[in-house]
Amino acid sequence: MKKKSIPDNISNVSQLLEDGLLFCDDLGCILFSNNLAKQYLGENLIGKFIHHLVGIEELKNLNTSYENGVFDDQFNYQIDDALKRSLLIKVKKIENNLFGVLLLDMTLQRNLEKVRRDFVANVSHELRSPLTSLVGFIETLLNGNVEDESTKRKFLNIMDEEAKRMNRLIDDILSLSKVETEEHITPNTNISLINPIQYVISSIKERGLSKQNNLILEDLRQNTNDPCFIIGNIDEINQVFVNLLENAIKYGYEKSDILVRIEQFRKDEVIVSVINQGDGIPEKYLDRLTERFFRIDKARSRELGGTGLGLAIVKHILIKHRATLEIKSTPKESTHFAMTFPLANTD
Ligand code: ADP
């Protein structure tokens, strides 16, 4: 049968769509794709079969599926990439031997739903303990059972600490849910990666000195004048380095150096590692560190003012920036958080 051609005006208009659009023949062979469809399913789609690409059998013979009434015309497909994008696929018959296939990106809705579900479960649990403690102290003070001024003061100090902990928790929860729901939205500005690194090191240096930790920038690139442009959001990149350096100080040994090492082995990517000396992380926990509220030692994290969300926030910001994170640790020696950032093409 003669292949249908898609008129120019339809193909031009389809590029304006905010959804992926394909035209297929009745066997699901792709005749046309707009740019977004290529972003979702890969380049060079023409001539490929939609069911091969998305693994949905019903898309094999669109005519028959329609005639038999099995065609429900809407399918879910998850793209196998780091973002695990969710697509809703809708098929409409246009005329004989010509079908329109719309690919709707449902990732935001899916993420929102997941964030909402996890939020309710985790947060109520995490807020309960400082809240119970606060309520207990307030009741004791209101009952008038504590007359001694120094005990009252001690209680008030604990209440102050617990209230601040709730505050930090709420700040971190808000940051996390924001980056989680927006992680599929690629930033659109070129920023230097070196500036936020230098900025965060100088703003956190004082805190390091309280444990006699020196924060050292070790730039091993051939051209250390290169600002290293990435496509990114400066506030989020700052947040990554704040979280990693604060952890290096919290969990590192006193009087040891903390290194931020920059290396470049390839033209298109740069590796930034935050390295501290410390008790380290047992291997069995390495994979779980970036889970929300995961802490190796809950009491220690709590004592150090942790919320258990720092690395989860780092993970989602890095995903959004198409960067990867590798964590290596040698117990009783050192811990490395190595991030590989793709560089922006500035040619
Ligand atoms: P927290 O608020 O507890 O620090 P994070 O998400 O930042 O939460 O880190 C999760 C856990 O990972 C920490 O509780 C700690 O057990 C471990 N961790 C993070 N960074 C380091 C590090 N540099 N050295 C050793 N353990 C670390």
# chains A, B, ... in the order shown; residues from 1 in each chain; ligands from 1
$ residues_near_ligand --ligand "ligand 1" --cutoff "9 Å" --atoms "only C-alpha atoms and all ligand atoms" --output "VMD selection string"
chain A and resid 243 to 252 274 to 282 285 to 286 288 to 302 304 to 314 329 331 334 to 337
$ select_by_dssp --residues "segment 105-191 of chain A" --states "helix (DSSP H, G or I)" --output "MDAnalysis selection string"
chainID A and resid 107:142 149:182
$ residues_around --residues "Val123 of chain A" --least-positions-apart "6" --cutoff "12 Å" --atoms "only C-alpha atoms" --output "number ranges by chain"
A: 115-117, 129-131, 166, 169-174, 176-177, 292-293, 307-309
$ closest_residue --among "A:Asn12, A:Asn195, A:Thr132, A:Asn76" --to "Ile234 of chain A" --atoms "only C-alpha atoms"
A:Asn195
$ residues_around --residues "Val54 of chain A" --least-positions-apart "6" --cutoff "12 Å" --atoms "only C-alpha atoms" --output "number ranges by chain"
A: 28, 40-42, 48, 60, 75-80, 86-89, 103
$ residues_around --residues "Leu36 of chain A" --least-positions-apart "3" --cutoff "7 Å" --atoms "only C-alpha atoms" --output "ChimeraX atom specification"
/A:19-20,39-40
$ write_last_selection --atoms "all heavy atoms" --output "PDB file, in the first residue's frame"
ATOM      1  N   ASP A  19       3.310  18.540  23.257  1.00  0.00           N
ATOM      2  CA  ASP A  19       3.265  17.087  23.440  1.00  0.00           C
ATOM      3  C   ASP A  19       3.972  16.439  22.256  1.00  0.00           C
ATOM      4  O   ASP A  19       4.137  17.061  21.208  1.00  0.00           O
ATOM      5  CB  ASP A  19       1.804  16.596  23.458  1.00  0.00           C
ATOM      6  CG  ASP A  19       1.020  17.252  24.563  1.00  0.00           C
ATOM      7  OD1 ASP A  19       1.462  17.173  25.711  1.00  0.00           O
ATOM      8  OD2 ASP A  19      -0.027  17.864  24.264  1.00  0.00           O
ATOM      9  N   GLY A  20       4.357  15.170  22.450  1.00  0.00           N
ATOM     10  CA  GLY A  20       4.942  14.445  21.335  1.00  0.00           C
ATOM     11  C   GLY A  20       3.829  14.028  20.379  1.00  0.00           C
ATOM     12  O   GLY A  20       2.714  13.711  20.811  1.00  0.00           O
ATOM     13  N   GLN A  39      12.474  13.455  21.246  1.00  0.00           N
ATOM     14  CA  GLN A  39      13.104  13.578  22.568  1.00  0.00           C
ATOM     15  C   GLN A  39      12.692  12.403  23.470  1.00  0.00           C
ATOM     16  O   GLN A  39      13.486  11.876  24.216  1.00  0.00           O
ATOM     17  CB  GLN A  39      12.623  14.868  23.218  1.00  0.00           C
ATOM     18  CG  GLN A  39      13.750  15.764  23.690  1.00  0.00           C
ATOM     19  CD  GLN A  39      13.169  16.957  24.407  1.00  0.00           C
ATOM     20  OE1 GLN A  39      12.503  16.824  25.415  1.00  0.00           O
ATOM     21  NE2 GLN A  39      13.397  18.141  23.847  1.00  0.00           N
ATOM     22  N   TYR A  40      11.423  12.011  23.357  1.00  0.00           N
ATOM     23  CA  TYR A  40      10.929  10.934  24.218  1.00  0.00           C
ATOM     24  C   TYR A  40      11.395   9.557  23.748  1.00  0.00           C
ATOM     25  O   TYR A  40      11.766   8.714  24.553  1.00  0.00           O
ATOM     26  CB  TYR A  40       9.387  10.922  24.248  1.00  0.00           C
ATOM     27  CG  TYR A  40       8.755  12.150  24.840  1.00  0.00           C
ATOM     28  CD1 TYR A  40       7.507  12.594  24.409  1.00  0.00           C
ATOM     29  CD2 TYR A  40       9.395  12.875  25.846  1.00  0.00           C
ATOM     30  CE1 TYR A  40       6.910  13.716  24.959  1.00  0.00           C
ATOM     31  CE2 TYR A  40       8.805  14.004  26.400  1.00  0.00           C
ATOM     32  CZ  TYR A  40       7.562  14.420  25.950  1.00  0.00           C
ATOM     33  OH  TYR A  40       6.976  15.521  26.484  1.00  0.00           O
TER      34      TYR A  40
END
$ closest_residue --among "A:Asn111, A:Ile6, A:Thr151, A:Arg128" --to "Leu98 of chain A" --atoms "only C-alpha atoms"
A:Ile6
$ select_by_dssp --residues "segment 122-338 of chain A" --states "strand (DSSP E or B)" --output "number ranges by chain"
A: 190-192, 214-219, 229-231, 252, 257-266, 269-278, 324-330, 334-338
$ residues_around --residues "Asp25 of chain A" --least-positions-apart "3" --cutoff "12 Å" --atoms "only C-alpha atoms" --output "ChimeraX atom specification"
/A:1-6,22,28-32,46-50,59-63,91-101
$ closest_residue --among "A:Leu108, A:Leu259, A:Met159, A:Ile230" --to "Asn345 of chain A" --atoms "only C-alpha atoms"
A:Ile230
$ residues_around --residues "segment 219-228 of chain A" --least-positions-apart "3" --cutoff "12 Å" --atoms "only C-alpha atoms" --output "number ranges by chain"
A: 190-198, 216, 231-232, 259-273, 341-346
$ atom_distance --atom1 "atom CA of Gln74 of chain A" --atom2 "atom CA of Gln109 of chain A"
16.4 Å
$ decode --residues "segment 226-240 of chain A" --atoms "N, CA and C atoms" --output "compact mmCIF listing (two decimals), in the first residue's frame"
# COMPACT_ATOMS: atom_id res chain seq x y z
N ASP A 226 39.38 28.20 33.32
CA ASP A 226 38.11 27.89 32.65
C ASP A 226 36.98 27.94 33.69
N PRO A 227 35.95 28.78 33.48
CA PRO A 227 34.87 28.87 34.48
C PRO A 227 33.99 27.62 34.54
N CYS A 228 34.15 26.70 33.60
CA CYS A 228 33.41 25.44 33.62
C CYS A 228 31.91 25.68 33.55
N PHE A 229 31.40 26.00 32.38
CA PHE A 229 29.97 26.29 32.28
C PHE A 229 29.14 25.01 32.25
N ILE A 230 28.10 25.00 33.08
CA ILE A 230 27.12 23.92 33.00
C ILE A 230 25.75 24.57 32.79
N ILE A 231 24.78 23.78 32.35
CA ILE A 231 23.42 24.30 32.27
C ILE A 231 22.81 24.06 33.63
N GLY A 232 22.54 25.15 34.36
CA GLY A 232 22.14 24.89 35.73
C GLY A 232 21.43 26.02 36.42
N ASN A 233 21.03 25.70 37.64
CA ASN A 233 20.37 26.67 38.50
C ASN A 233 21.32 26.93 39.66
N ILE A 234 21.76 28.18 39.77
CA ILE A 234 22.85 28.50 40.71
C ILE A 234 22.47 28.21 42.16
N ASP A 235 21.22 28.51 42.54
CA ASP A 235 20.82 28.28 43.95
C ASP A 235 20.87 26.80 44.27
N GLU A 236 20.44 25.99 43.30
CA GLU A 236 20.43 24.54 43.56
C GLU A 236 21.85 23.98 43.62
N ILE A 237 22.73 24.50 42.75
CA ILE A 237 24.12 24.01 42.79
C ILE A 237 24.77 24.44 44.11
N ASN A 238 24.49 25.66 44.56
CA ASN A 238 24.98 26.08 45.88
C ASN A 238 24.53 25.10 46.96
N GLN A 239 23.25 24.75 46.89
CA GLN A 239 22.67 23.85 47.89
C GLN A 239 23.39 22.50 47.92
N VAL A 240 23.76 21.99 46.75
CA VAL A 240 24.49 20.72 46.68
C VAL A 240 25.78 20.81 47.48
